[in-house]
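J.: Got input-v1.pdb for you, PDB, N, CA and C atoms:
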MODEL        1
ATOM      1  N   MET A  38      71.694 284.273  61.594
ATOM      2  CA  MET A  38      71.245 284.726  62.908
ATOM      3  C   MET A  38      70.071 285.682  62.737
ATOM      4  N   VAL A  39      69.132 285.572  63.639
ATOM      5  CA  VAL A  39      67.980 286.461  63.683
ATOM      6  C   VAL A  39      68.041 287.218  65.001
ATOM      7  N   ALA A  40      67.814 288.526  64.969
ATOM      8  CA  ALA A  40      67.838 289.335  66.186
ATOM      9  C   ALA A  40      66.626 290.259  66.208
ATOM     10  N   ARG A  41      66.179 290.568  67.406
ATOM     11  CA  ARG A  41      65.032 291.463  67.568
ATOM     12  C   ARG A  41      65.181 292.231  68.866
ATOM     13  N   GLN A  42      64.904 293.520  68.814
ATOM     14  CA  GLN A  42      64.960 294.342  70.024
ATOM     15  C   GLN A  42      63.579 294.411  70.647
ATOM     16  N   LEU A  43      63.553 294.297  71.960
ATOM     17  CA  LEU A  43      62.297 294.280  72.706
ATOM     18  C   LEU A  43      62.450 295.080  73.982
ATOM     19  N   THR A  44      61.307 295.395  74.590
ATOM     20  CA  THR A  44      61.286 296.065  75.882
ATOM     21  C   THR A  44      60.518 295.188  76.865
ATOM     22  N   ILE A  45      61.104 294.975  78.043
ATOM     23  CA  ILE A  45      60.410 294.223  79.090
ATOM     24  C   ILE A  45      59.256 295.100  79.570
ATOM     25  N   GLN A  46      58.036 294.564  79.520
ATOM     26  CA  GLN A  46      56.847 295.375  79.790
ATOM     27  C   GLN A  46      56.096 295.011  81.062
ATOM     28  N   ASN A  47      56.314 293.802  81.590
ATOM     29  CA  ASN A  47      55.544 293.436  82.785
ATOM     30  C   ASN A  47      56.060 294.189  84.004
ATOM     31  N   GLU A  48      55.175 294.453  84.954
ATOM     32  CA  GLU A  48      55.476 295.300  86.109
ATOM     33  C   GLU A  48      56.681 294.837  86.916
ATOM     34  N   GLN A  49      56.813 293.540  87.136
ATOM     35  CA  GLN A  49      57.870 293.029  88.001
ATOM     36  C   GLN A  49      59.154 292.668  87.254
ATOM     37  N   GLY A  50      59.177 292.880  85.941
ATOM     38  CA  GLY A  50      60.378 292.552  85.174
ATOM     39  C   GLY A  50      60.603 291.049  85.095
ATOM     40  N   PHE A  51      61.854 290.672  84.934
ATOM     41  CA  PHE A  51      62.224 289.263  84.773
ATOM     42  C   PHE A  51      62.455 288.652  86.148
ATOM     43  N   HIS A  52      61.387 288.498  86.925
ATOM     44  CA  HIS A  52      61.531 287.829  88.211
ATOM     45  C   HIS A  52      61.425 286.329  87.974
ATOM     46  N   VAL A  53      61.355 285.533  89.009
ATOM     47  CA  VAL A  53      61.465 284.076  88.886
ATOM     48  C   VAL A  53      60.420 283.453  87.962
ATOM     49  N   ARG A  54      59.151 283.809  88.117
ATOM     50  CA  ARG A  54      58.115 283.154  87.316
ATOM     51  C   ARG A  54      58.273 283.429  85.818
ATOM     52  N   PRO A  55      58.397 284.690  85.373
ATOM     53  CA  PRO A  55      58.575 284.903  83.934
ATOM     54  C   PRO A  55      59.891 284.333  83.411
ATOM     55  N   ALA A  56      60.931 284.365  84.223
ATOM     56  CA  ALA A  56      62.200 283.790  83.791
ATOM     57  C   ALA A  56      62.046 282.288  83.554
ATOM     58  N   GLN A  57      61.302 281.614  84.437
ATOM     59  CA  GLN A  57      61.097 280.174  84.272
ATOM     60  C   GLN A  57      60.259 279.892  83.021
ATOM     61  N   LEU A  58      59.228 280.694  82.789
ATOM     62  CA  LEU A  58      58.418 280.532  81.575
ATOM     63  C   LEU A  58      59.282 280.719  80.330
ATOM     64  N   PHE A  59      60.136 281.718  80.379
ATOM     65  CA  PHE A  59      61.003 282.028  79.237
ATOM     66  C   PHE A  59      61.979 280.878  78.963
ATOM     67  N   VAL A  60      62.634 280.385  80.013
ATOM     68  CA  VAL A  60      63.596 279.291  79.868
ATOM     69  C   VAL A  60      62.900 278.030  79.361
ATOM     70  N   ASP A  61      61.723 277.730  79.915
ATOM     71  CA  ASP A  61      60.977 276.546  79.470
ATOM     72  C   ASP A  61      60.676 276.623  77.970
ATOM     73  N   LYS A  62      60.246 277.804  77.524
ATOM     74  CA  LYS A  62      59.935 277.970  76.102
ATOM     75  C   LYS A  62      61.211 277.936  75.258
ATOM     76  N   ALA A  63      62.269 278.588  75.712
ATOM     77  CA  ALA A  63      63.532 278.625  74.971
ATOM     78  C   ALA A  63      64.091 277.218  74.761
ATOM     79  N   ASN A  64      63.911 276.363  75.753
ATOM     80  CA  ASN A  64      64.448 275.003  75.664
ATOM     81  C   ASN A  64      63.691 274.123  74.679
ATOM     82  N   LYS A  65      62.577 274.588  74.155
ATOM     83  CA  LYS A  65      61.829 273.839  73.143
ATOM     84  C   LYS A  65      62.433 274.012  71.749
ATOM     85  N   TYR A  66      63.327 274.986  71.614
ATOM     86  CA  TYR A  66      63.932 275.277  70.315
ATOM     87  C   TYR A  66      65.337 274.697  70.227
ATOM     88  N   GLN A  67      65.737 274.326  69.019
ATOM     89  CA  GLN A  67      67.084 273.801  68.792
ATOM     90  C   GLN A  67      68.120 274.920  68.702
ATOM     91  N   ALA A  68      67.698 276.094  68.289
ATOM     92  CA  ALA A  68      68.616 277.221  68.085
ATOM     93  C   ALA A  68      69.323 277.609  69.390
ATOM     94  N   THR A  69      70.493 278.182  69.228
ATOM     95  CA  THR A  69      71.199 278.817  70.342
ATOM     96  C   THR A  69      70.558 280.192  70.510
ATOM     97  N   ILE A  70      70.119 280.510  71.722
ATOM     98  CA  ILE A  70      69.384 281.758  71.956
ATOM     99  C   ILE A  70      70.089 282.550  73.053
ATOM    100  N   LYS A  71      70.312 283.826  72.773
ATOM    101  CA  LYS A  71      70.967 284.712  73.739
ATOM    102  C   LYS A  71      70.120 285.967  73.940
ATOM    103  N   ILE A  72      70.258 286.545  75.122
ATOM    104  CA  ILE A  72      69.653 287.841  75.426
ATOM    105  C   ILE A  72      70.780 288.779  75.824
ATOM    106  N   LYS A  73      70.737 289.987  75.276
ATOM    107  CA  LYS A  73      71.704 291.023  75.653
ATOM    108  C   LYS A  73      70.931 292.186  76.248
ATOM    109  N   ASN A  74      71.446 292.732  77.354
ATOM    110  CA  ASN A  74      70.817 293.924  77.927
ATOM    111  C   ASN A  74      71.448 295.172  77.320
ATOM    112  N   ALA A  75      70.967 296.324  77.725
ATOM    113  CA  ALA A  75      71.432 297.588  77.144
ATOM    114  C   ALA A  75      72.917 297.825  77.382
ATOM    115  N   ALA A  76      73.467 297.238  78.445
ATOM    116  CA  ALA A  76      74.890 297.402  78.756
ATOM    117  C   ALA A  76      75.765 296.442  77.955
ATOM    118  N   GLY A  77      75.123 295.573  77.167
ATOM    119  CA  GLY A  77      75.872 294.623  76.354
ATOM    120  C   GLY A  77      76.161 293.311  77.050
ATOM    121  N   GLU A  78      75.683 293.156  78.290
ATOM    122  CA  GLU A  78      75.867 291.886  78.993
ATOM    123  C   GLU A  78      74.973 290.842  78.330
ATOM    124  N   GLU A  79      75.477 289.635  78.230
ATOM    125  CA  GLU A  79      74.802 288.586  77.475
ATOM    126  C   GLU A  79      74.509 287.382  78.368
ATOM    127  N   ALA A  80      73.363 286.729  78.115
ATOM    128  CA  ALA A  80      72.998 285.531  78.866
ATOM    129  C   ALA A  80      72.430 284.487  77.921
ATOM    130  N   ASP A  81      72.660 283.233  78.264
ATOM    131  CA  ASP A  81      72.059 282.111  77.561
ATOM    132  C   ASP A  81      70.582 282.075  77.933
ATOM    133  N   ALA A  82      69.701 282.168  76.944
ATOM    134  CA  ALA A  82      68.257 282.208  77.208
ATOM    135  C   ALA A  82      67.729 280.890  77.743
ATOM    136  N   LYS A  83      68.538 279.856  77.708
ATOM    137  CA  LYS A  83      68.115 278.546  78.222
ATOM    138  C   LYS A  83      68.612 278.297  79.636
ATOM    139  N   SER A  84      69.208 279.328  80.249
ATOM    140  CA  SER A  84      69.731 279.224  81.616
ATOM    141  C   SER A  84      69.063 280.259  82.512
ATOM    142  N   MET A  85      68.231 279.796  83.436
ATOM    143  CA  MET A  85      67.529 280.717  84.339
ATOM    144  C   MET A  85      68.525 281.531  85.166
ATOM    145  N   LEU A  86      69.577 280.889  85.634
ATOM    146  CA  LEU A  86      70.581 281.585  86.441
ATOM    147  C   LEU A  86      71.209 282.731  85.662
ATOM    148  N   GLU A  87      71.602 282.465  84.419
ATOM    149  CA  GLU A  87      72.211 283.521  83.606
ATOM    150  C   GLU A  87      71.223 284.653  83.342
ATOM    151  N   LEU A  88      69.961 284.309  83.051
ATOM    152  CA  LEU A  88      68.961 285.349  82.795
ATOM    153  C   LEU A  88      68.775 286.251  84.008
ATOM    154  N   MET A  89      68.733 285.650  85.179
ATOM    155  CA  MET A  89      68.500 286.432  86.393
ATOM    156  C   MET A  89      69.646 287.412  86.668
ATOM    157  N   THR A  90      70.857 287.102  86.192
ATOM    158  CA  THR A  90      71.996 287.992  86.439
ATOM    159  C   THR A  90      71.918 289.280  85.616
ATOM    160  N   LEU A  91      71.058 289.318  84.598
ATOM    161  CA  LEU A  91      70.953 290.524  83.768
ATOM    162  C   LEU A  91      70.186 291.646  84.466
ATOM    163  N   GLY A  92      69.428 291.321  85.512
ATOM    164  CA  GLY A  92      68.702 292.354  86.265
ATOM    165  C   GLY A  92      67.670 293.093  85.436
ATOM    166  N   LEU A  93      66.912 292.380  84.634
ATOM    167  CA  LEU A  93      65.942 293.015  83.742
ATOM    168  C   LEU A  93      64.685 293.430  84.504
ATOM    169  N   VAL A  94      64.379 294.709  84.453
ATOM    170  CA  VAL A  94      63.198 295.269  85.108
ATOM    171  C   VAL A  94      62.277 295.866  84.043
ATOM    172  N   LYS A  95      61.102 296.301  84.464
ATOM    173  CA  LYS A  95      60.181 296.923  83.514
ATOM    174  C   LYS A  95      60.885 298.083  82.809
ATOM    175  N   GLY A  96      60.773 298.100  81.494
ATOM    176  CA  GLY A  96      61.396 299.152  80.704
ATOM    177  C   GLY A  96      62.776 298.801  80.177
ATOM    178  N   SER A  97      63.345 297.686  80.633
ATOM    179  CA  SER A  97      64.669 297.271  80.145
ATOM    180  C   SER A  97      64.603 296.965  78.656
ATOM    181  N   GLN A  98      65.586 297.485  77.924
ATOM    182  CA  GLN A  98      65.717 297.201  76.500
ATOM    183  C   GLN A  98      66.613 295.982  76.347
ATOM    184  N   ILE A  99      66.171 295.008  75.569
ATOM    185  CA  ILE A  99      66.969 293.811  75.342
ATOM    186  C   ILE A  99      67.062 293.514  73.849
ATOM    187  N   THR A 100      68.068 292.744  73.503
ATOM    188  CA  THR A 100      68.172 292.194  72.160
ATOM    189  C   THR A 100      68.109 290.684  72.301
ATOM    190  N   LEU A 101      67.190 290.094  71.597
ATOM    191  CA  LEU A 101      67.008 288.649  71.584
ATOM    192  C   LEU A 101      67.626 288.129  70.294
ATOM    193  N   GLU A 102      68.575 287.207  70.410
ATOM    194  CA  GLU A 102      69.266 286.670  69.235
ATOM    195  C   GLU A 102      69.152 285.154  69.216
ATOM    196  N   ALA A 103      68.937 284.592  68.037
ATOM    197  CA  ALA A 103      68.901 283.142  67.890
ATOM    198  C   ALA A 103      69.659 282.747  66.634
ATOM    199  N   GLU A 104      70.335 281.604  66.736
ATOM    200  CA  GLU A 104      71.053 281.076  65.582
ATOM    201  C   GLU A 104      70.897 279.566  65.569
ATOM    202  N   GLY A 105      70.396 279.043  64.457
ATOM    203  CA  GLY A 105      70.193 277.611  64.340
ATOM    204  C   GLY A 105      69.015 277.302  63.443
ATOM    205  N   PRO A 106      68.642 276.034  63.364
ATOM    206  CA  PRO A 106      67.632 275.600  62.401
ATOM    207  C   PRO A 106      66.251 276.235  62.573
ATOM    208  N   ASP A 107      65.864 276.572  63.799
ATOM    209  CA  ASP A 107      64.545 277.157  64.031
ATOM    210  C   ASP A 107      64.670 278.565  64.622
ATOM    211  N   GLN A 108      65.691 279.296  64.160
ATOM    212  CA  GLN A 108      65.998 280.604  64.744
ATOM    213  C   GLN A 108      64.857 281.610  64.635
ATOM    214  N   GLN A 109      64.188 281.691  63.493
ATOM    215  CA  GLN A 109      63.093 282.654  63.340
ATOM    216  C   GLN A 109      61.924 282.284  64.243
ATOM    217  N   GLU A 110      61.605 281.017  64.296
ATOM    218  CA  GLU A 110      60.518 280.536  65.151
ATOM    219  C   GLU A 110      60.832 280.824  66.626
ATOM    220  N   ALA A 111      62.085 280.639  67.011
ATOM    221  CA  ALA A 111      62.498 280.892  68.394
ATOM    222  C   ALA A 111      62.338 282.368  68.758
ATOM    223  N   VAL A 112      62.843 283.243  67.904
ATOM    224  CA  VAL A 112      62.747 284.682  68.183
ATOM    225  C   VAL A 112      61.284 285.120  68.215
ATOM    226  N   ASP A 113      60.499 284.665  67.251
ATOM    227  CA  ASP A 113      59.085 285.051  67.216
ATOM    228  C   ASP A 113      58.336 284.550  68.447
ATOM    229  N   GLY A 114      58.560 283.295  68.822
ATOM    230  CA  GLY A 114      57.857 282.713  69.970
ATOM    231  C   GLY A 114      58.233 283.367  71.280
ATOM    232  N   LEU A 115      59.511 283.629  71.471
ATOM    233  CA  LEU A 115      59.954 284.247  72.721
ATOM    234  C   LEU A 115      59.578 285.723  72.778
ATOM    235  N   ALA A 116      59.602 286.395  71.637
ATOM    236  CA  ALA A 116      59.175 287.799  71.598
ATOM    237  C   ALA A 116      57.692 287.899  71.958
ATOM    238  N   GLU A 117      56.902 286.958  71.465
ATOM    239  CA  GLU A 117      55.471 286.951  71.780
ATOM    240  C   GLU A 117      55.250 286.789  73.280
ATOM    241  N   LEU A 118      56.041 285.941  73.922
ATOM    242  CA  LEU A 118      55.939 285.740  75.379
ATOM    243  C   LEU A 118      56.262 287.046  76.116
ATOM    244  N   ILE A 119      57.326 287.720  75.705
ATOM    245  CA  ILE A 119      57.708 288.993  76.337
ATOM    246  C   ILE A 119      56.634 290.050  76.105
ATOM    247  N   GLU A 120      56.148 290.147  74.868
ATOM    248  CA  GLU A 120      55.141 291.163  74.543
ATOM    249  C   GLU A 120      53.801 290.901  75.234
ATOM    250  N   SER A 121      53.550 289.644  75.613
ATOM    251  CA  SER A 121      52.310 289.321  76.335
ATOM    252  C   SER A 121      52.435 289.607  77.825
ATOM    253  N   LYS A 122      53.572 290.165  78.218
ATOM    254  CA  LYS A 122      53.890 290.467  79.629
ATOM    255  C   LYS A 122      53.875 289.206  80.468
ATOM    256  N   PHE A 123      54.205 288.074  79.860
ATOM    257  CA  PHE A 123      54.255 286.780  80.541
ATOM    258  C   PHE A 123      52.928 286.417  81.187
ATOM    259  N   GLY A 124      51.843 286.925  80.603
ATOM    260  CA  GLY A 124      50.513 286.636  81.137
ATOM    261  C   GLY A 124      50.145 287.454  82.355
ATOM    262  N   GLU A 125      50.984 288.410  82.722
ATOM    263  CA  GLU A 125      50.692 289.276  83.871
ATOM    264  C   GLU A 125      49.942 290.506  83.395
ATOM    265  N   GLU A 126      49.218 291.099  84.276
ATOM    266  CA  GLU A 126      48.490 292.335  83.913
ATOM    267  C   GLU A 126      49.132 293.548  84.511
TER     268      GLU A 126
ENDMDL
END
Please re-express this file's structure in structure tokens.
T.:
Amino acid sequence: MVARQLTIQNEQGFHVRPAQLFVDKANKYQATIKIKNAAGEEADAKSMLELMTLGLVKGSQITLEAEGPDQQEAVDGLAELIESKFGEE
């Protein structure tokens, strides 16, 4: 398993558009990918509904975890999307 801690940086947090971008990218990987919020609540990164229940806003600390054949690639790719603020300014 590969894990990485990140901070949600875009102004609007994990609203519908970034969540959809995240799920679309997560579904390109074979690994099982989970996101945990600071309270320890966990969501399947390939499920938009589950992601939206975490209530991630700007400044939220998350742990991104992946397990499977392309786990490092998955964590790196999804972390890059989060760090790019989902293309928002």
J.: Take the PyMOL selection byres ((chain A and resi 61-73) around 8), apply it to the structure above, and return the hits as a PyMOL selection string.
T.: chain A and resi 55-60+74-85+88+91+98-112+114-115
J.: So that I can see what lies close to A:Lys122, please list as a PDB file with N, CA and C atoms, keeping the file's coordinate frame the residues with an atom at most 8 Å from it, counting all atoms listed in the file and leaving out residues fewer than 4 positions away in the same chain.
T.:
ATOM      1  N   ILE A  45      61.104 294.975  78.043  1.00  0.00           N
ATOM      2  CA  ILE A  45      60.410 294.223  79.090  1.00  0.00           C
ATOM      3  C   ILE A  45      59.256 295.100  79.570  1.00  0.00           C
ATOM      4  N   GLN A  46      58.036 294.564  79.520  1.00  0.00           N
ATOM      5  CA  GLN A  46      56.847 295.375  79.790  1.00  0.00           C
ATOM      6  C   GLN A  46      56.096 295.011  81.062  1.00  0.00           C
ATOM      7  N   ASN A  47      56.314 293.802  81.590  1.00  0.00           N
ATOM      8  CA  ASN A  47      55.544 293.436  82.785  1.00  0.00           C
ATOM      9  C   ASN A  47      56.060 294.189  84.004  1.00  0.00           C
ATOM     10  N   GLU A  48      55.175 294.453  84.954  1.00  0.00           N
ATOM     11  CA  GLU A  48      55.476 295.300  86.109  1.00  0.00           C
ATOM     12  C   GLU A  48      56.681 294.837  86.916  1.00  0.00           C
ATOM     13  N   PRO A  55      58.397 284.690  85.373  1.00  0.00           N
ATOM     14  CA  PRO A  55      58.575 284.903  83.934  1.00  0.00           C
ATOM     15  C   PRO A  55      59.891 284.333  83.411  1.00  0.00           C
ATOM     16  N   ALA A 116      59.602 286.395  71.637  1.00  0.00           N
ATOM     17  CA  ALA A 116      59.175 287.799  71.598  1.00  0.00           C
ATOM     18  C   ALA A 116      57.692 287.899  71.958  1.00  0.00           C
ATOM     19  N   GLU A 117      56.902 286.958  71.465  1.00  0.00           N
ATOM     20  CA  GLU A 117      55.471 286.951  71.780  1.00  0.00           C
ATOM     21  C   GLU A 117      55.250 286.789  73.280  1.00  0.00           C
ATOM     22  N   LEU A 118      56.041 285.941  73.922  1.00  0.00           N
ATOM     23  CA  LEU A 118      55.939 285.740  75.379  1.00  0.00           C
ATOM     24  C   LEU A 118      56.262 287.046  76.116  1.00  0.00           C
ATOM     25  N   GLU A 126      49.218 291.099  84.276  1.00  0.00           N
ATOM     26  CA  GLU A 126      48.490 292.335  83.913  1.00  0.00           C
ATOM     27  C   GLU A 126      49.132 293.548  84.511  1.00  0.00           C
TER      28      GLU A 126
END
J.: Can you tell me how far atom N of A:Gly50 sits from atom N of A:Ser97, in Å to one decimal?
T.: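 Calculated distance between atom N of A:Gly50 and atom N of A:Ser97 is 8.3 Å.
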J.: Go ahead and compute the interatomic distance for atom N of A:Phe51 and atom C of A:Gly92, in Å to one decimal.
T.: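 These atoms are spaced 6.3 Å apart.
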J.: Rounded to one decimal place, report the atom CA of A:Glu125-atom CA of A:Glu87 distance in Å.
T.: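 Computed distance, atom CA of A:Glu125 to atom CA of A:Glu87, equals 22.3 Å.
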J.: Can you list every residue in stretch 54-102 of chain A that DSSP puts in helix (DSSP H, G or I), as a list in words?
T.: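 Listing helix (DSSP H, G or I) positions across stretch 54-102 of chain A yields Arg54, Pro55, Ala56, Gln57, Leu58, Phe59, Val60, Asp61, Lys62, Ala63, Met85, Leu86, Glu87, Leu88 and Met89 of chain A.
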J.: Run DSSP on the backbone and give me the residues of chain A it puts in strand (DSSP E), as a list in words.
T.: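 Selection result, strand (DSSP E) within chain A: Val39, Ala40, Arg41, Gln42, Leu43, Thr44, Thr69, Ile70, Lys71, Ile72, Lys73, Asn74, Glu79, Ala80, Asp81, Gln98, Ile99, Thr100, Leu101, Glu102, Ala103 and Glu104 of chain A.
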J.: Mind working out the centre and edge lengths of an axis-aligned box for stretch 60-74 of chain A, all listed atoms inside, 3 Å added to each side, rounded to one decimal in Å and written as lines of an AutoDock Vina configuration file?
T.:
center_x = 65.8
center_y = 284.5
center_z = 74.0
size_x = 17.8
size_y = 27.4
size_z = 17.9
J.: Which is closer to A:Leu93 than all the others in A:Asp113, A:Arg54, A:Ser121, A:Gln49, using only C-alpha atoms?
T.: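 Residue with the minimum atom-to-atom distance to A:Leu93: A:Gln49.
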J.: Between A:His52, A:Met38, A:Leu43, A:Ile119, which is the closest to A:Val94 once you count only C-alpha atoms?
T.: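 Counting only C-alpha atoms, the residue closest to A:Val94 is A:His52.
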